[in-house]
>>> print(open('data_26.cif').read())   # mmCIF, C-alpha atoms
data_my_file
#
loop_
_atom_site.label_atom_id
_atom_site.label_comp_id
_atom_site.auth_asym_id
_atom_site.auth_seq_id
_atom_site.Cartn_x
_atom_site.Cartn_y
_atom_site.Cartn_z
CA MET R 1231 166.10 71.74 81.00
CA ASN R 1232 167.66 70.30 84.19
CA SER R 1233 165.53 68.81 86.97
CA ARG R 1234 165.84 71.93 89.17
CA SER R 1235 164.62 74.17 86.34
CA ALA R 1236 161.81 71.74 85.55
CA LYS R 1237 160.62 71.79 89.17
CA SER R 1238 160.79 75.57 89.23
CA GLU R 1239 158.75 75.81 86.02
CA HIS R 1240 156.22 73.32 87.41
CA LYS R 1241 155.79 75.34 90.62
CA ARG R 1242 155.45 78.54 88.57
CA LYS R 1243 152.67 77.00 86.48
CA GLN R 1244 151.01 75.62 89.59
CA GLY R 1245 151.16 79.05 91.19
CA LYS R 1246 149.75 80.68 88.07
CA GLY R 1247 146.95 78.10 87.92
CA LYS R 1248 146.08 78.68 91.57
CA TYR R 1249 146.15 82.44 90.98
CA TRP R 1250 143.59 82.22 88.19
CA LEU R 1251 141.54 79.71 90.19
CA ARG R 1252 141.50 82.13 93.13
CA ARG R 1253 140.42 84.95 90.82
CA ILE R 1254 137.62 82.84 89.37
CA MET R 1255 136.53 81.80 92.86
CA VAL R 1256 136.56 85.42 94.06
CA VAL R 1257 134.49 86.52 91.06
CA PHE R 1258 132.11 83.60 91.55
CA LEU R 1259 131.79 84.36 95.27
CA ALA R 1260 131.16 88.03 94.54
CA LEU R 1261 128.51 87.02 92.03
CA LEU R 1262 126.82 84.77 94.58
CA ILE R 1263 126.93 87.51 97.20
CA GLY R 1264 125.51 89.94 94.67
CA ILE R 1265 122.70 87.57 93.74
CA ALA R 1266 121.98 86.83 97.39
CA GLY R 1267 121.96 90.53 98.16
CA TYR R 1268 119.64 91.21 95.23
CA LEU R 1269 117.30 88.40 96.26
CA THR R 1270 117.31 89.72 99.82
CA TYR R 1271 116.49 93.15 98.44
CA ILE R 1272 113.71 91.70 96.28
CA TYR R 1273 112.36 89.83 99.31
CA LYS R 1274 112.37 93.00 101.42
CA VAL R 1275 110.77 95.06 98.65
CA SER R 1276 108.18 92.32 98.16
CA LYS R 1277 107.32 92.16 101.85
CA ASP R 1278 107.05 95.93 102.12
CA ALA R 1279 104.95 96.13 98.94
CA LEU R 1280 102.65 93.30 100.00
CA GLY R 1281 102.10 95.07 103.30
CA ASP R 1282 100.96 98.16 101.39
CA ILE R 1283 98.93 96.29 98.79
CA THR R 1284 96.92 94.25 101.30
CA THR R 1285 95.98 97.01 103.75
CA ASP R 1286 92.32 96.46 102.81
CA ALA R 1287 92.42 92.80 103.86
CA ASP R 1288 91.01 91.61 107.17
CA PRO R 1289 94.12 90.53 109.16
CA THR R 1290 92.05 88.17 111.31
CA ILE R 1291 91.04 85.97 108.38
CA VAL R 1292 92.95 82.69 108.12
CA ILE R 1293 92.51 80.74 104.88
CA PRO R 1294 92.62 76.94 105.35
CA LYS R 1295 95.11 75.17 103.07
CA ASP R 1296 92.36 73.30 101.23
CA GLN R 1297 90.66 76.65 100.46
CA SER R 1298 93.79 78.47 99.32
CA VAL R 1299 94.21 79.93 95.83
CA LYS R 1300 96.95 77.32 95.39
CA VAL R 1301 94.32 74.60 95.15
CA LYS R 1302 91.01 76.39 94.48
CA PRO R 1303 90.01 78.70 91.61
CA VAL R 1304 89.63 82.36 92.53
CA THR R 1305 87.84 85.33 90.95
CA ILE R 1306 89.02 88.91 91.32
CA MET R 1307 87.40 92.16 90.24
CA LEU R 1308 89.99 94.63 88.95
CA LEU R 1309 89.13 98.33 88.97
CA GLY R 1310 91.34 100.90 87.26
CA ILE R 1311 90.46 104.19 88.93
CA ASP R 1312 90.93 107.73 87.68
CA THR R 1313 92.24 109.45 90.82
CA ARG R 1314 93.82 112.47 89.13
CA LYS R 1315 93.53 115.72 91.09
CA GLU R 1316 92.47 117.53 87.91
CA THR R 1317 89.31 115.43 87.56
CA GLY R 1318 88.43 114.93 91.23
CA SER R 1319 86.57 111.76 90.25
CA LEU R 1320 86.69 108.15 91.38
CA ASN R 1321 85.20 106.68 88.22
CA THR R 1322 86.37 103.20 87.31
CA ASP R 1323 87.60 103.72 83.76
CA VAL R 1324 88.85 100.12 83.55
CA MET R 1325 86.78 97.24 84.89
CA MET R 1326 87.60 93.57 84.56
CA VAL R 1327 86.53 90.32 86.18
CA ALA R 1328 89.21 87.62 86.15
CA SER R 1329 88.88 83.96 87.12
CA PHE R 1330 92.06 81.93 87.75
CA ASN R 1331 92.39 78.15 87.89
CA PRO R 1332 95.46 76.67 89.65
CA LYS R 1333 95.19 73.23 88.00
CA SER R 1334 95.45 74.53 84.45
CA LYS R 1335 97.49 77.63 85.42
CA SER R 1336 95.15 79.66 83.24
CA ALA R 1337 92.71 82.54 83.45
CA VAL R 1338 89.68 84.15 81.83
CA VAL R 1339 89.53 87.95 81.87
CA VAL R 1340 86.30 89.74 80.98
CA SER R 1341 86.46 93.47 80.18
CA ILE R 1342 83.39 95.58 80.93
CA PRO R 1343 82.82 98.75 78.86
CA ARG R 1344 82.74 101.73 81.21
CA ASP R 1345 79.42 103.04 79.78
CA SER R 1346 77.65 99.66 80.01
CA ARG R 1347 74.03 99.93 81.13
CA ILE R 1348 73.68 97.76 84.22
CA ASP R 1349 70.09 96.69 84.85
CA LEU R 1350 70.12 94.43 87.88
CA ALA R 1351 67.40 93.73 90.43
CA GLY R 1352 68.00 95.67 93.64
CA TYR R 1353 70.24 98.32 92.05
CA LYS R 1354 69.49 101.61 90.35
CA ILE R 1355 70.29 101.58 86.62
CA ARG R 1356 73.62 103.33 86.05
CA LYS R 1357 76.68 103.22 83.84
CA ALA R 1358 79.04 100.49 85.01
CA ASN R 1359 81.81 102.95 85.89
CA ALA R 1360 79.56 105.05 88.16
CA TYR R 1361 78.82 102.46 90.84
CA TYR R 1362 82.09 102.50 92.76
CA SER R 1363 82.05 106.25 93.42
CA ARG R 1364 78.33 106.06 94.27
CA PHE R 1365 78.93 103.26 96.77
CA ILE R 1366 81.69 105.33 98.41
CA SER R 1367 79.41 108.38 98.56
CA ASN R 1368 76.67 106.31 100.19
CA GLY R 1369 79.12 104.98 102.74
CA LEU R 1370 80.35 108.47 103.63
CA HIS R 1371 77.09 110.37 103.67
CA GLU R 1372 74.43 107.79 104.44
CA ASP R 1373 76.27 105.31 106.63
CA GLY R 1374 78.58 107.83 108.33
CA LEU R 1375 81.73 105.84 107.54
CA LYS R 1376 85.25 107.21 107.37
CA LYS R 1377 86.91 107.29 103.94
CA LYS R 1378 88.85 104.04 104.26
CA GLU R 1379 85.85 102.14 105.61
CA ALA R 1380 83.65 103.60 102.88
CA GLU R 1381 86.11 102.46 100.20
CA LYS R 1382 86.28 98.99 101.72
CA GLN R 1383 82.50 98.75 101.78
CA ALA R 1384 82.32 100.00 98.17
CA LYS R 1385 84.64 97.21 97.06
CA GLU R 1386 82.50 94.65 98.83
CA ASN R 1387 79.41 96.10 97.15
CA MET R 1388 81.10 95.93 93.74
CA ARG R 1389 81.96 92.25 94.29
CA THR R 1390 78.44 91.45 95.36
CA MET R 1391 76.76 93.33 92.52
CA PHE R 1392 78.95 92.10 89.67
CA GLY R 1393 78.96 88.61 91.15
CA LYS R 1394 75.18 88.63 90.68
CA PHE R 1395 75.60 90.15 87.23
CA PHE R 1396 77.91 87.34 86.04
CA ASP R 1397 76.29 84.58 88.15
CA ILE R 1398 79.58 83.71 89.88
CA PRO R 1399 81.11 84.34 93.30
CA ILE R 1400 83.72 87.11 93.19
CA ASP R 1401 86.21 86.58 96.00
CA TYR R 1402 88.29 89.74 96.06
CA THR R 1403 88.62 93.25 94.67
CA ALA R 1404 91.78 95.00 93.48
CA THR R 1405 92.03 98.69 92.65
CA ILE R 1406 94.89 100.34 90.78
CA ASN R 1407 95.20 103.99 89.83
CA PHE R 1408 96.46 105.48 86.57
CA GLN R 1409 99.93 106.12 87.98
CA GLY R 1410 100.29 102.47 88.94
CA PHE R 1411 99.64 101.41 85.36
CA VAL R 1412 102.19 103.95 84.09
CA ASP R 1413 104.85 102.90 86.63
CA VAL R 1414 104.46 99.17 85.93
CA VAL R 1415 104.86 99.68 82.17
CA ASP R 1416 107.92 101.88 82.72
CA ALA R 1417 109.46 99.36 85.13
CA LEU R 1418 109.18 96.72 82.39
CA GLY R 1419 110.84 98.97 79.82
CA GLY R 1420 107.64 99.66 77.88
CA VAL R 1421 105.19 97.48 75.96
CA ASP R 1422 105.15 96.56 72.26
CA VAL R 1423 101.74 97.30 70.75
CA ASP R 1424 100.11 97.98 67.41
CA VAL R 1425 98.53 101.44 67.58
CA ASP R 1426 95.42 100.98 65.44
CA MET R 1427 94.90 104.64 64.43
CA ASP R 1428 96.41 108.10 64.75
CA MET R 1429 95.54 109.37 68.23
CA HIS R 1430 95.80 113.10 68.88
CA TYR R 1431 93.81 114.74 71.66
CA VAL R 1432 94.42 117.58 74.12
CA ASP R 1433 92.35 118.53 77.16
CA ASN R 1434 93.99 121.27 79.21
CA ALA R 1435 91.36 120.95 81.95
CA ASP R 1436 92.61 117.56 83.12
CA GLY R 1437 96.12 117.63 81.65
CA THR R 1438 95.47 115.08 78.91
CA LYS R 1439 97.78 115.25 75.92
CA ILE R 1440 97.58 112.22 73.64
CA ASP R 1441 99.93 112.22 70.65
CA LEU R 1442 100.36 108.79 69.04
CA ASN R 1443 100.80 107.79 65.41
CA LYS R 1444 99.41 104.63 63.88
CA GLY R 1445 101.74 101.63 63.69
CA HIS R 1446 103.65 98.99 65.66
CA GLN R 1447 105.82 100.57 68.37
CA THR R 1448 107.11 100.36 71.93
CA LEU R 1449 105.19 102.61 74.30
CA LYS R 1450 106.39 103.90 77.66
CA GLY R 1451 103.99 104.20 80.58
CA ASP R 1452 102.29 107.53 79.83
CA ASP R 1453 101.84 106.70 76.16
CA ALA R 1454 100.55 103.20 76.98
CA LEU R 1455 97.93 104.77 79.24
CA ASP R 1456 96.98 107.21 76.48
CA PHE R 1457 96.72 104.27 74.06
CA VAL R 1458 94.26 102.50 76.37
CA ARG R 1459 92.24 105.62 77.26
CA TYR R 1460 91.94 107.29 73.84
CA ARG R 1461 88.35 108.15 72.81
CA LYS R 1462 88.49 110.64 69.92
CA SER R 1463 90.45 113.54 68.44
CA ASN R 1464 89.63 117.16 69.26
CA ASP R 1465 87.90 117.63 65.90
CA GLY R 1466 85.70 114.59 66.49
CA THR R 1467 87.45 112.34 63.96
CA ASN R 1468 89.16 109.00 64.60
CA MET R 1469 86.44 107.95 67.02
CA SER R 1470 87.23 105.10 69.40
CA SER R 1471 84.55 103.05 71.14
CA ASP R 1472 84.50 101.34 74.53
CA PHE R 1473 85.00 98.08 72.64
CA ASP R 1474 88.17 99.40 70.96
CA ARG R 1475 89.53 100.43 74.34
CA ASN R 1476 88.75 97.03 75.83
CA LYS R 1477 90.72 95.37 73.01
CA ARG R 1478 93.63 97.70 73.68
CA GLU R 1479 93.49 96.90 77.39
CA SER R 1480 93.70 93.19 76.55
CA GLN R 1481 96.62 93.83 74.19
CA VAL R 1482 98.58 95.76 76.82
CA LEU R 1483 97.80 93.29 79.62
CA GLY R 1484 98.94 90.43 77.37
CA GLU R 1485 102.21 92.27 76.73
CA ILE R 1486 102.71 92.86 80.45
CA ALA R 1487 102.12 89.16 81.17
CA ASP R 1488 104.67 88.11 78.55
CA LYS R 1489 107.23 90.66 79.79
CA LEU R 1490 106.88 89.46 83.37
CA LYS R 1491 107.41 85.89 82.17
CA SER R 1492 110.58 86.68 80.24
CA PHE R 1493 113.99 86.18 81.86
CA SER R 1494 115.03 89.67 80.80
CA SER R 1495 112.48 91.11 83.21
CA VAL R 1496 113.93 89.42 86.30
CA THR R 1497 116.25 92.35 87.01
CA LYS R 1498 113.30 94.73 86.66
CA ILE R 1499 110.99 92.89 89.02
CA ALA R 1500 111.88 95.11 92.00
CA GLY R 1501 110.70 98.16 90.08
CA VAL R 1502 107.46 96.39 89.16
CA ILE R 1503 106.88 95.36 92.78
CA LYS R 1504 107.46 98.93 93.96
CA ALA R 1505 105.14 100.33 91.29
CA VAL R 1506 102.37 97.93 92.23
CA GLY R 1507 102.88 98.40 95.96
CA SER R 1508 102.59 102.17 95.69
CA ASN R 1509 99.46 102.21 93.58
CA MET R 1510 97.41 99.03 94.08
CA ARG R 1511 95.16 98.01 96.95
CA MET R 1512 93.63 94.55 97.39
CA ASP R 1513 91.42 92.99 100.02
CA ILE R 1514 93.24 89.67 99.62
CA PRO R 1515 95.14 88.39 102.69
CA THR R 1516 98.91 88.79 102.33
CA GLY R 1517 99.52 85.04 102.45
CA GLU R 1518 97.05 84.49 99.62
CA VAL R 1519 98.74 87.14 97.47
CA GLU R 1520 102.03 85.28 98.00
CA ASN R 1521 100.28 82.04 97.03
CA MET R 1522 98.89 83.65 93.88
CA ILE R 1523 102.33 84.92 92.89
CA SER R 1524 103.93 81.50 93.41
CA THR R 1525 101.09 79.73 91.59
CA TYR R 1526 100.63 82.02 88.59
CA PHE R 1527 104.00 83.71 88.14
CA GLY R 1528 105.09 82.97 84.60
CA ILE R 1529 101.57 82.74 83.17
CA SER R 1530 101.74 83.84 79.54
CA ARG R 1531 99.30 85.52 77.18
CA SER R 1532 98.51 82.14 75.62
CA ASN R 1533 97.13 80.95 78.97
CA ILE R 1534 94.83 83.95 79.35
CA THR R 1535 91.52 84.17 77.49
CA PHE R 1536 90.45 87.80 77.05
CA ILE R 1537 86.74 88.40 76.47
CA PRO R 1538 85.78 92.04 75.88
CA LEU R 1539 82.02 92.54 76.27
CA GLU R 1540 80.41 94.15 73.24
CA GLY R 1541 77.20 95.98 72.53
CA GLU R 1542 75.52 98.93 70.87
CA TRP R 1543 75.82 102.59 71.80
CA LYS R 1544 72.44 104.17 72.57
CA SER R 1545 73.11 107.44 74.36
CA PRO R 1546 73.97 107.63 77.17
CA TYR R 1547 74.65 103.89 77.55
CA VAL R 1548 76.26 100.92 75.88
CA ARG R 1549 73.56 98.27 75.62
CA LEU R 1550 75.45 95.02 76.03
CA ASN R 1551 75.07 92.22 73.52
CA GLU R 1552 73.28 89.45 75.43
CA THR R 1553 74.91 86.65 73.43
CA LYS R 1554 78.40 87.99 74.20
CA LEU R 1555 77.45 88.49 77.85
CA GLU R 1556 76.25 84.88 78.14
CA GLU R 1557 79.49 83.71 76.48
CA ALA R 1558 81.50 85.63 79.10
CA LYS R 1559 79.43 84.21 81.96
CA ALA R 1560 79.90 80.67 80.66
CA ALA R 1561 83.66 81.14 80.27
CA LEU R 1562 84.05 82.47 83.82
CA GLN R 1563 81.90 79.69 85.24
CA ALA R 1564 83.79 77.03 83.29
CA LYS R 1565 87.14 78.31 84.55
CA LEU R 1566 85.91 77.96 88.13
CA ALA R 1567 84.67 74.42 87.46
CA GLU R 1568 87.83 72.99 85.78
#
>>> encode(input="data_26.cif", output="structure tokens")
Amino acid sequence: MNSRSAKSEHKRKQGKGKYWLRRIMVVFLALLIGIAGYLTYIYKVSKDALGDITTDADPTIVIPKDQSVKVKPVTIMLLGIDTRKETGSLNTDVMMVASFNPKSKSAVVVSIPRDSRIDLAGYKIRKANAYYSRFISNGLHEDGLKKKEAEKQAKENMRTMFGKFFDIPIDYTATINFQGFVDVVDALGGVDVDVDMDMHYVDNADGTKIDLNKGHQTLKGDDALDFVRYRKSNDGTNMSSDFDRNKRESQVLGEIADKLKSFSSVTKIAGVIKAVGSNMRMDIPTGEVENMISTYFGISRSNITFIPLEGEWKSPYVRLNETKLEEAKAALQAKLAE
């Protein structure tokens, strides 16, 4: 090959190399733009969702940095509310008290059976799941409040009452409806659970249709809700207690925590944020919710201690086991003192 041909071949290779380099750079740039666009979208969705979620919070409250959830433990009462039109009720079918500690990046979650008999000085004895709707009714009819103000007052009353019950301060209340639970599970692509028994139950009055077979499986949102809510079959067999349901709640929540932690869920996070924003309300200031997300995002099931309260069924109540109750109180108190 003469020198002219060699130079020509060298330029051709250089040109080809630059061509592929340009293509790689274009693809890389497009990827960066795509990621930036997605992150911008996530940021916008997050801001919009947080605005919806925290509508119950007092916008005038400013939390000092040394009192923030980033540095101080916090306790939240979580209420899963049955708001279906078919039932017309506001009963809290799921009730949990959760204490978070930012130093250990860990939490204790106590599940309260819905039929628990609550005997507390200053309050009428009721089932645990009846108080929220009663507090709202009192606010509407006795205090003359509008619906939103009555709900806000009811949440404050729930915090105060169950704070006394567990001998701890409860800082905030969060409510989520059935649809929110369903949407979050669907946004994550379902949850892997071990269905502990055949579950078949139909109630045309409220639209319930539970049809699950025993065994390990991935459940979508509606089926996951049925798994948590199941009580018994139509013929009265395969009975399921409050304690069984609390264990299932813990199993599903643990799965959700692990899914949120996994890298594969990053692309689904927008759907989760939307689902939560549409169906959850908290009285936590927006800035504190952001602090909680940044502090506890990535927490796994192994960092969460689930304690389902137990007891004995004596119609019409569950009489809580005092030893188990004291264990739960001690665990919550210890988490706040770490």
>>> closest_atom_pairs(input="data_26.cif", of="stretch 1460-1530 of chain R", to="stretch 1275-1299 of chain R", cutoff="10 Å", atoms="all atoms listed in the file", output="Markdown table")
| residue | atom | partner | partner_atom | distance |
| --- | --- | --- | --- | --- |
| R:Ile1499 | CA | R:Ser1276 | CA | 9.6 |
| R:Ala1500 | CA | R:Val1275 | CA | 6.7 |
| R:Gly1501 | CA | R:Val1275 | CA | 9.1 |
| R:Val1502 | CA | R:Ser1276 | CA | 9.9 |
| R:Ile1503 | CA | R:Ser1276 | CA | 6.3 |
| R:Lys1504 | CA | R:Ala1279 | CA | 6.2 |
| R:Ala1505 | CA | R:Ala1279 | CA | 8.7 |
| R:Val1506 | CA | R:Ala1279 | CA | 7.4 |
| R:Gly1507 | CA | R:Ala1279 | CA | 4.3 |
| R:Ser1508 | CA | R:Asp1282 | CA | 7.2 |
| R:Asn1509 | CA | R:Ile1283 | CA | 7.9 |
| R:Met1510 | CA | R:Ile1283 | CA | 5.7 |
| R:Arg1511 | CA | R:Ile1283 | CA | 4.5 |
| R:Met1512 | CA | R:Thr1284 | CA | 5.1 |
| R:Asp1513 | CA | R:Ala1287 | CA | 4.0 |
| R:Ile1514 | CA | R:Ala1287 | CA | 5.3 |
| R:Pro1515 | CA | R:Ala1287 | CA | 5.3 |
| R:Thr1516 | CA | R:Thr1284 | CA | 5.9 |
| R:Gly1517 | CA | R:Ile1293 | CA | 8.6 |
| R:Glu1518 | CA | R:Val1299 | CA | 6.6 |
| R:Val1519 | CA | R:Leu1280 | CA | 7.7 |
| R:Glu1520 | CA | R:Leu1280 | CA | 8.3 |
| R:Asn1521 | CA | R:Val1299 | CA | 6.5 |
| R:Met1522 | CA | R:Val1299 | CA | 6.3 |
| R:Ile1523 | CA | R:Val1299 | CA | 10.0 |
| R:Thr1525 | CA | R:Val1299 | CA | 8.1 |
| R:Tyr1526 | CA | R:Val1299 | CA | 9.9 |
>>> closest_residue(input="data_26.cif", among="R:Asp1401, R:Asp1488, R:Glu1568, R:Glu1552", to="R:Arg1531", atoms="only C-alpha atoms")
R:Asp1488
>>> resolve_selection(input="data_26.cif", expression="the PyMOL selection byres ((chain R and resi 1389) around 12)", output="PyMOL selection string")
chain R and resi 1305-1309+1325-1328+1361-1362+1365+1382-1388+1390-1404+1513
>>> closest_residue(input="data_26.cif", among="R:Lys1565, R:Arg1475, R:His1371, R:Lys1462", to="R:Arg1344", atoms="only C-alpha atoms")
R:Arg1475
>>> resolve_selection(input="data_26.cif", expression="the PyMOL selection byres ((chain R and resi 1464) around 9)", output="list in words")
His1430, Tyr1431, Val1432, Asp1433, Lys1462, Ser1463, Asp1465, Gly1466 and Thr1467 of chain R
>>> atom_distance(input="data_26.cif", atom1="atom CA of R:Phe1536", atom2="atom CA of R:Ile1486")
13.7 Å
